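For reference, the structure is listed below as structure tokens.
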Amino acid sequence: QVQVVESGGGLVQAGGSLRLSCAASGSIVNIVTTGWYRQAPGKQRELVASITRADSTNYVDSVKGRFTISRDNAQNTVYLQMNNLKPEDTAVYYCNVWALSGDYWGQGTQVTVSS
């Protein structure tokens, strides 16, 4: 059984920081890419950042320079460090693990940024 669990969301004022964690466990074979997505009310889910097993990273333009994705292979955990948060970053953030064994999603963690 595969589990993908996000944590670290919460309520923060504009300009503040949060660090999200994505922990994957179970029978996952050969992770190719791990990505953080977000979905705000009434909007489509969008890819925020991703990291490949070769440590190649990619960011949506709106978070470049503010968010950093990284991973700890020993812990099978991927992090999203979010700095200088803005109200428009408010959304449910989801972790996606794309592996040779399948495509896995977490349940999401709420991030709310107040102005």
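Identifiers for the structure tokens are assigned positionally: chains receive A, B, ... in sequence, residues are indexed from 1 per chain, and ligands are indexed from 1 in the order shown.
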
Requested in this report: Pick out each residue of range 2-112 of chain A that DSSP on the backbone tags as strand (DSSP E or B); I need them as JSON, numbers by chain.
Outcome: {"A": [3, 4, 5, 6, 7, 10, 11, 12, 13, 18, 19, 20, 21, 22, 23, 24, 25, 31, 32, 33, 34, 35, 36, 37, 38, 39, 46, 47, 48, 49, 50, 51, 52, 57, 58, 59, 67, 68, 69, 70, 71, 72, 77, 78, 79, 80, 81, 82, 91, 92, 93, 94, 95, 96, 97, 98, 99, 102, 103, 104, 105, 109, 110, 111, 112]}

**Report entry** Shell around Cys22 in chain A at 6 Å using only C-alpha atoms, local window under 3 positions removed, as a PyMOL selection string
**Finding:** chain A and resi 5-6+77-78

Query raised in the report: In chain A, what's helix (DSSP H, G or I) per DSSP? Answer as a PyMOL selection string?
Result: chain A and resi 61-63+87-89

Store the residues of this selection in a file with N, CA, C and O atoms, as a PDB file, in the first residue's frame.
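Here's the written file out-v2.pdb:
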```
ATOM      1  N   ASP A  61       6.042  30.406 -12.889  1.00  0.00           N
ATOM      2  CA  ASP A  61       6.634  31.747 -12.850  1.00  0.00           C
ATOM      3  C   ASP A  61       6.250  32.528 -11.597  1.00  0.00           C
ATOM      4  O   ASP A  61       7.057  33.278 -11.037  1.00  0.00           O
ATOM      5  N   SER A  62       5.030  32.351 -11.133  1.00  0.00           N
ATOM      6  CA  SER A  62       4.534  33.156 -10.020  1.00  0.00           C
ATOM      7  C   SER A  62       5.229  32.885  -8.698  1.00  0.00           C
ATOM      8  O   SER A  62       5.095  33.677  -7.754  1.00  0.00           O
ATOM      9  N   VAL A  63       5.975  31.782  -8.597  1.00  0.00           N
ATOM     10  CA  VAL A  63       6.650  31.464  -7.333  1.00  0.00           C
ATOM     11  C   VAL A  63       8.164  31.492  -7.448  1.00  0.00           C
ATOM     12  O   VAL A  63       8.864  31.303  -6.450  1.00  0.00           O
ATOM     13  N   PRO A  87      -1.199  36.623  -0.508  1.00  0.00           N
ATOM     14  CA  PRO A  87      -2.571  36.126  -0.411  1.00  0.00           C
ATOM     15  C   PRO A  87      -2.959  35.233  -1.591  1.00  0.00           C
ATOM     16  O   PRO A  87      -3.717  34.271  -1.407  1.00  0.00           O
ATOM     17  N   GLU A  88      -2.420  35.505  -2.760  1.00  0.00           N
ATOM     18  CA  GLU A  88      -2.753  34.686  -3.937  1.00  0.00           C
ATOM     19  C   GLU A  88      -2.130  33.299  -3.892  1.00  0.00           C
ATOM     20  O   GLU A  88      -2.418  32.461  -4.750  1.00  0.00           O
ATOM     21  N   ASP A  89      -1.285  33.032  -2.907  1.00  0.00           N
ATOM     22  CA  ASP A  89      -0.755  31.681  -2.711  1.00  0.00           C
ATOM     23  C   ASP A  89      -1.725  30.796  -1.930  1.00  0.00           C
ATOM     24  O   ASP A  89      -1.483  29.595  -1.786  1.00  0.00           O
TER      25      ASP A  89
END
```

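Proximity to Ala49 in chain A at 10 Å, evaluated using only C-alpha atoms and with sequence-adjacent residues fewer than 6 positions away removed, yields A:Thr34, A:Gly35, A:Trp36, A:Tyr37, A:Arg38, A:Thr57, A:Asn58, A:Tyr59, A:Val60, A:Asp61, A:Val63, A:Lys64, A:Phe67, A:Thr68, A:Ile69, A:Ser70, A:Leu80, A:Cys95.
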
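Distance check against Ser114 in chain A using only C-alpha atoms: of A:Lys43, A:Arg19, A:Arg71, A:Lys86, the minimum falls on A:Lys86.
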
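With only C-alpha atoms as the atoms that count, the residue of A:Thr90, A:Gln3, A:Ser101, A:Asn83 with the shortest distance to Asn30 in chain A is A:Ser101.
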
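Using only C-alpha atoms, the smallest distance between any of A:Asn96, A:Gln75, A:Ser56, A:Ser115 and Leu11 in chain A comes from A:Ser115.
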